[in-house]
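Shown below: upload.pdb, with PDB, C-alpha atoms.
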```pdb
MODEL        1
ATOM      1  CA  MET A  13       0.000   0.000   0.000
ATOM      2  CA  TRP A  14       1.312   3.463  -0.897
ATOM      3  CA  SER A  15       1.786   6.083   1.828
ATOM      4  CA  PRO A  16       3.308   9.561   1.731
ATOM      5  CA  GLU A  17       5.600   8.630   4.636
ATOM      6  CA  GLY A  18       6.953   5.595   2.781
ATOM      7  CA  MET A  19       7.514   7.688  -0.329
ATOM      8  CA  SER A  20       9.425  10.290   1.699
ATOM      9  CA  ARG A  21      11.707   7.618   3.131
ATOM     10  CA  ARG A  22      12.284   6.145  -0.315
ATOM     11  CA  ALA A  23      13.000   9.571  -1.780
ATOM     12  CA  ALA A  24      15.401  10.381   1.057
ATOM     13  CA  LEU A  25      17.186   7.068   0.633
ATOM     14  CA  ALA A  26      17.455   7.567  -3.129
ATOM     15  CA  GLY A  27      18.821  11.073  -2.577
ATOM     16  CA  LEU A  28      21.342   9.809  -0.031
ATOM     17  CA  LEU A  29      22.494   7.070  -2.381
ATOM     18  CA  ALA A  30      22.815   9.543  -5.243
ATOM     19  CA  LEU A  31      24.901  11.914  -3.110
ATOM     20  CA  SER A  32      27.147   9.185  -1.776
ATOM     21  CA  ALA A  33      27.700   7.885  -5.307
ATOM     22  CA  CYS A  34      28.990  11.273  -6.471
ATOM     23  CA  GLY A  35      31.467  11.623  -3.584
ATOM     24  CA  LEU A  36      29.768  14.473  -1.719
ATOM     25  CA  THR A  37      29.808  14.428   2.072
ATOM     26  CA  PRO A  38      27.728  16.546   4.434
ATOM     27  CA  VAL A  39      29.661  19.654   5.442
ATOM     28  CA  TYR A  40      28.847  19.116   9.138
ATOM     29  CA  GLY A  41      28.927  15.307   8.959
ATOM     30  CA  PRO A  42      31.732  13.038  10.116
ATOM     31  CA  GLY A  43      34.840  14.115   8.269
ATOM     32  CA  GLY A  44      33.006  17.118   6.816
ATOM     33  CA  ALA A  45      35.021  20.230   6.100
ATOM     34  CA  GLY A  46      32.678  22.442   8.150
ATOM     35  CA  ARG A  47      33.805  20.874  11.419
ATOM     36  CA  ARG A  48      37.183  22.541  10.933
ATOM     37  CA  LEU A  49      35.582  25.990  11.115
ATOM     38  CA  PHE A  50      33.342  25.487  14.151
ATOM     39  CA  GLY A  51      34.653  27.785  16.905
ATOM     40  CA  GLN A  52      37.670  28.712  14.785
ATOM     41  CA  ILE A  53      36.660  32.103  13.336
ATOM     42  CA  ARG A  54      36.745  35.401  15.202
ATOM     43  CA  PRO A  55      35.006  38.259  13.381
ATOM     44  CA  ARG A  56      36.281  41.792  13.821
ATOM     45  CA  ASP A  57      34.680  43.862  16.559
ATOM     46  CA  PRO A  58      31.368  45.423  15.479
ATOM     47  CA  ASP A  59      30.721  49.161  15.364
ATOM     48  CA  THR A  60      27.099  49.383  14.224
ATOM     49  CA  PHE A  61      23.767  47.735  14.974
ATOM     50  CA  GLU A  62      23.980  45.785  11.713
ATOM     51  CA  GLU A  63      27.504  44.571  12.500
ATOM     52  CA  PHE A  64      26.382  43.358  15.936
ATOM     53  CA  ALA A  65      23.564  41.402  14.254
ATOM     54  CA  PHE A  66      26.047  40.093  11.660
ATOM     55  CA  ASN A  67      28.475  38.891  14.359
ATOM     56  CA  ARG A  68      25.685  37.323  16.402
ATOM     57  CA  ARG A  69      24.529  35.362  13.363
ATOM     58  CA  LEU A  70      28.104  34.233  12.634
ATOM     59  CA  ALA A  71      28.366  32.945  16.220
ATOM     60  CA  GLU A  72      25.056  31.085  15.833
ATOM     61  CA  ARG A  73      26.277  29.371  12.674
ATOM     62  CA  LEU A  74      29.987  28.900  13.422
ATOM     63  CA  GLY A  75      30.011  28.641  17.206
ATOM     64  CA  PRO A  76      31.743  30.841  19.786
ATOM     65  CA  ASP A  77      35.214  32.047  18.846
ATOM     66  CA  SER A  78      36.977  30.913  22.025
ATOM     67  CA  ASP A  79      39.650  28.863  20.181
ATOM     68  CA  ALA A  80      39.798  30.980  17.030
ATOM     69  CA  ARG A  81      42.620  30.259  14.602
ATOM     70  CA  PHE A  82      41.252  32.583  11.919
ATOM     71  CA  GLU A  83      40.238  36.260  11.829
ATOM     72  CA  LEU A  84      37.311  37.431   9.713
ATOM     73  CA  ASP A  85      37.598  40.994   8.508
ATOM     74  CA  TYR A  86      34.540  42.433   6.800
ATOM     75  CA  ARG A  87      32.998  45.683   5.643
ATOM     76  CA  MET A  88      29.265  46.066   5.308
ATOM     77  CA  ASN A  89      27.592  48.680   3.111
ATOM     78  CA  ILE A  90      23.856  49.265   3.265
ATOM     79  CA  GLY A  91      22.003  51.587   0.942
ATOM     80  CA  VAL A  92      18.439  52.795   1.366
ATOM     81  CA  VAL A  93      16.287  53.192  -1.746
ATOM     82  CA  ALA A  94      12.722  54.545  -1.881
ATOM     83  CA  GLN A  95      10.511  51.880  -3.500
ATOM     84  CA  ALA A  96       6.895  53.017  -3.294
ATOM     85  CA  ILE A  97       6.031  56.692  -3.609
ATOM     86  CA  THR A  98       2.470  57.991  -3.573
ATOM     87  CA  PRO A  99       1.222  60.713  -5.959
ATOM     88  CA  ASP A 100       1.645  63.102  -2.991
ATOM     89  CA  GLU A 101       5.374  62.190  -2.969
ATOM     90  CA  VAL A 102       5.187  60.258   0.289
ATOM     91  CA  THR A 103       7.442  57.204   0.440
ATOM     92  CA  THR A 104       5.572  54.190   1.808
ATOM     93  CA  ARG A 105       8.206  51.493   1.286
ATOM     94  CA  TYR A 106      11.993  51.403   1.392
ATOM     95  CA  SER A 107      14.433  48.807   0.163
ATOM     96  CA  LEU A 108      17.711  48.091   1.959
ATOM     97  CA  ASN A 109      20.427  46.897  -0.403
ATOM     98  CA  GLY A 110      23.473  45.477   1.333
ATOM     99  CA  THR A 111      26.889  44.077   0.520
ATOM    100  CA  ALA A 112      29.558  42.555   2.716
ATOM    101  CA  ASP A 113      33.168  42.299   1.593
ATOM    102  CA  PHE A 114      34.999  39.730   3.681
ATOM    103  CA  ALA A 115      38.476  38.283   4.083
ATOM    104  CA  LEU A 116      39.396  35.282   6.200
ATOM    105  CA  LYS A 117      42.932  35.610   7.527
ATOM    106  CA  ASP A 118      45.267  33.391   9.491
ATOM    107  CA  ARG A 119      47.002  34.614  12.664
ATOM    108  CA  ALA A 120      49.877  36.025  10.624
ATOM    109  CA  GLY A 121      47.430  38.164   8.631
ATOM    110  CA  ALA A 122      47.665  36.248   5.356
ATOM    111  CA  VAL A 123      44.383  36.215   3.411
ATOM    112  CA  LEU A 124      43.119  32.641   2.999
ATOM    113  CA  THR A 125      39.867  33.386   1.190
ATOM    114  CA  GLN A 126      37.870  36.493   0.396
ATOM    115  CA  GLY A 127      34.780  37.611  -1.444
ATOM    116  CA  ARG A 128      31.684  39.761  -1.613
ATOM    117  CA  VAL A 129      28.096  38.837  -0.881
ATOM    118  CA  SER A 130      24.946  40.888  -1.398
ATOM    119  CA  SER A 131      21.282  40.794  -0.567
ATOM    120  CA  PHE A 132      18.292  43.053  -0.036
ATOM    121  CA  THR A 133      15.175  43.411   2.033
ATOM    122  CA  SER A 134      12.508  46.061   2.502
ATOM    123  CA  TYR A 135      10.134  47.581   5.010
ATOM    124  CA  SER A 136       6.921  49.581   5.056
ATOM    125  CA  THR A 137       6.449  53.094   6.418
ATOM    126  CA  THR A 138       2.654  53.183   6.455
ATOM    127  CA  GLY A 139       2.217  52.818  10.222
ATOM    128  CA  THR A 140       3.078  55.063  13.124
ATOM    129  CA  THR A 141       6.545  56.505  13.608
ATOM    130  CA  ILE A 142       7.369  53.839  16.195
ATOM    131  CA  ALA A 143       6.100  51.075  13.898
ATOM    132  CA  THR A 144       8.193  52.444  11.027
ATOM    133  CA  LEU A 145      11.335  52.641  13.179
ATOM    134  CA  SER A 146      10.717  49.102  14.428
ATOM    135  CA  ALA A 147      10.165  47.829  10.880
ATOM    136  CA  GLU A 148      13.401  49.494   9.735
ATOM    137  CA  ALA A 149      15.407  47.985  12.612
ATOM    138  CA  ASP A 150      13.938  44.568  11.875
ATOM    139  CA  ALA A 151      14.783  44.904   8.173
ATOM    140  CA  ARG A 152      18.367  45.915   9.004
ATOM    141  CA  GLN A 153      18.740  42.898  11.283
ATOM    142  CA  ARG A 154      17.274  40.571   8.622
ATOM    143  CA  LEU A 155      19.685  41.955   6.045
ATOM    144  CA  ALA A 156      22.666  41.467   8.380
ATOM    145  CA  HIS A 157      21.573  37.864   9.008
ATOM    146  CA  MET A 158      21.200  37.186   5.280
ATOM    147  CA  LEU A 159      24.670  38.587   4.585
ATOM    148  CA  ALA A 160      26.183  36.574   7.456
ATOM    149  CA  ASP A 161      24.517  33.385   6.181
ATOM    150  CA  GLN A 162      25.992  33.968   2.729
ATOM    151  CA  VAL A 163      29.458  34.588   4.190
ATOM    152  CA  VAL A 164      29.201  31.360   6.211
ATOM    153  CA  THR A 165      28.183  29.468   3.070
ATOM    154  CA  ARG A 166      31.220  30.850   1.225
ATOM    155  CA  LEU A 167      33.526  30.004   4.136
ATOM    156  CA  LEU A 168      32.164  26.456   4.328
ATOM    157  CA  ALA A 169      32.661  26.052   0.600
ATOM    158  CA  ALA A 170      36.310  27.122   0.986
ATOM    159  CA  SER A 171      36.932  25.217   4.223
ATOM    160  CA  ASP A 172      38.488  22.171   2.586
ATOM    161  CA  LYS A 173      41.274  24.402   1.224
ATOM    162  CA  LEU A 174      42.094  25.995   4.606
ATOM    163  CA  PRO A 175      45.082  24.898   6.678
ATOM    164  CA  THR A 176      44.309  22.320   9.362
TER     165      THR A 176
ENDMDL
END
```
Could you express the structure from this file as structure tokens?
Amino acid sequence: MWSPEGMSRRAALAGLLALSACGLTPVYGPGGAGRRLFGQIRPRDPDTFEEFAFNRRLAERLGPDSDARFELDYRMNIGVVAQAITPDEVTTRYSLNGTADFALKDRAGAVLTQGRVSSFTSYSTTGTTIATLSAEADARQRLAHMLADQVVTRLLAASDKLPT
């Protein structure tokens, strides 16, 4: 008899077999390259609200930096663009466009990997002043988290080429 649960197990098993046949291993699995980065990266000290959110997200994904062997230098740029303007020239929606340039360095300061990531989010200004300020802060935090997630993905992709 067919059941959705049985199909899910079969699909998962087929996917696992397909991945193992092509030589891929889970990044956080046994022997995965991501294990080498956990607790090993210390981001630079934050200066802004967005950088604090960025660092917090890095710590959530990569663990606390108590035994850090690598330094992560980064620069975030966030631009604000009016998206929805009424006929009375009142802006009711803003877009936040962000980039983060990053460089992972060893203790001697040599760059091991570097890159740039970008993303965007938006927020509405149609509520009260407090609601608008709250929506903007939330959008800035979301953008910082998205940028941090992309940096982590890039670092994990490069982790097999990093010194052990």
Inset, instruction - Measure the distance from atom CA of A:Leu36 to atom CA of A:Gln52 in Å and round it to one decimal. - result: 23.2 Å
Give me, as CSV, each residue of stretch 36-84 of chain A that comes within 10 Å of stretch 120-129 of chain A, together with its shortest interatomic pair and the distance in Å at one decimal, counting all atoms listed in the file, with rows ordered by chain and rising residue number.
```
residue,atom,partner,partner_atom,distance
A:Phe82,CA,A:Gly121,CA,9.0
A:Glu83,CA,A:Gly121,CA,8.1
A:Leu84,CA,A:Gln126,CA,9.4
```
Inset, instruction - Around the point (13.6, 47.1, -1.8), in the coordinates given by the file, pick out the residues reaching within 8 Å, counting all atoms listed in the file, and return them as a list in words. - result: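 Within 8 Å of (13.6, 47.1, -1.8), the protein and nucleic acid residues are Val93, Ala94, Gln95, Arg105, Tyr106, Ser107, Leu108, Asn109, Phe132, Thr133, Ser134 and Tyr135 of chain A.
Every residue that the PyMOL selection byres ((chain A and resi 110) around 8) selects in this file is listed here: Met88, Asn89, Ile90, Gly91, Leu108, Asn109, Thr111, Ala112, Ser130, Ser131, Phe132, Leu155 and Leu159 of chain A.
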Inset, instruction - Mind giving me the straight-line distance from atom CA of A:Arg56 to atom CA of A:Val163 in Å, one decimal? - result: 13.8 Å
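Candidate residues A:Asp161, A:Asp77, A:Asp150, A:Glu101 were compared for distance to A:Arg54, and the nearest is A:Asp77, using all atoms listed in the file.
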Inset, instruction - May I ask for the distance between atom CA of A:Arg69 and atom CA of A:Gln153, given in Å to one decimal place? - result: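 For atom CA of A:Arg69 relative to atom CA of A:Gln153, the distance reads 9.7 Å.
Among the candidate residues A:Thr98, A:Thr176, A:Ser78, A:Thr137, the one lying nearest to A:Ile53 is A:Ser78, with distances computed using all atoms listed in the file.
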Inset, instruction - Would you write out, as an MDAnalysis selection string, every residue that the PyMOL selection byres ((chain A and resi 70) around 9) captures in this file? - result: chainID A and resid 53 55 65:69 71:76 157 160:161 163:164
Legend entry - Given the PyMOL selection byres ((chain A and resi 46) around 12), the residues it picks as a PyMOL selection string: chain A and resi 37-45+47-53+73-75+164-174+176
Go ahead and save the residues from that selection, with C-alpha atoms, as a JSON list (two decimals), in the coordinates of the input.
```
[["chain", "number", "residue", "atom", "x", "y", "z"],
["A", 37, "THR", "CA", 29.81, 14.43, 2.07],
["A", 38, "PRO", "CA", 27.73, 16.55, 4.43],
["A", 39, "VAL", "CA", 29.66, 19.65, 5.44],
["A", 40, "TYR", "CA", 28.85, 19.12, 9.14],
["A", 41, "GLY", "CA", 28.93, 15.31, 8.96],
["A", 42, "PRO", "CA", 31.73, 13.04, 10.12],
["A", 43, "GLY", "CA", 34.84, 14.12, 8.27],
["A", 44, "GLY", "CA", 33.01, 17.12, 6.82],
["A", 45, "ALA", "CA", 35.02, 20.23, 6.10],
["A", 47, "ARG", "CA", 33.80, 20.87, 11.42],
["A", 48, "ARG", "CA", 37.18, 22.54, 10.93],
["A", 49, "LEU", "CA", 35.58, 25.99, 11.12],
["A", 50, "PHE", "CA", 33.34, 25.49, 14.15],
["A", 51, "GLY", "CA", 34.65, 27.78, 16.90],
["A", 52, "GLN", "CA", 37.67, 28.71, 14.78],
["A", 53, "ILE", "CA", 36.66, 32.10, 13.34],
["A", 73, "ARG", "CA", 26.28, 29.37, 12.67],
["A", 74, "LEU", "CA", 29.99, 28.90, 13.42],
["A", 75, "GLY", "CA", 30.01, 28.64, 17.21],
["A", 164, "VAL", "CA", 29.20, 31.36, 6.21],
["A", 165, "THR", "CA", 28.18, 29.47, 3.07],
["A", 166, "ARG", "CA", 31.22, 30.85, 1.23],
["A", 167, "LEU", "CA", 33.53, 30.00, 4.14],
["A", 168, "LEU", "CA", 32.16, 26.46, 4.33],
["A", 169, "ALA", "CA", 32.66, 26.05, 0.60],
["A", 170, "ALA", "CA", 36.31, 27.12, 0.99],
["A", 171, "SER", "CA", 36.93, 25.22, 4.22],
["A", 172, "ASP", "CA", 38.49, 22.17, 2.59],
["A", 173, "LYS", "CA", 41.27, 24.40, 1.22],
["A", 174, "LEU", "CA", 42.09, 26.00, 4.61],
["A", 176, "THR", "CA", 44.31, 22.32, 9.36]]
```
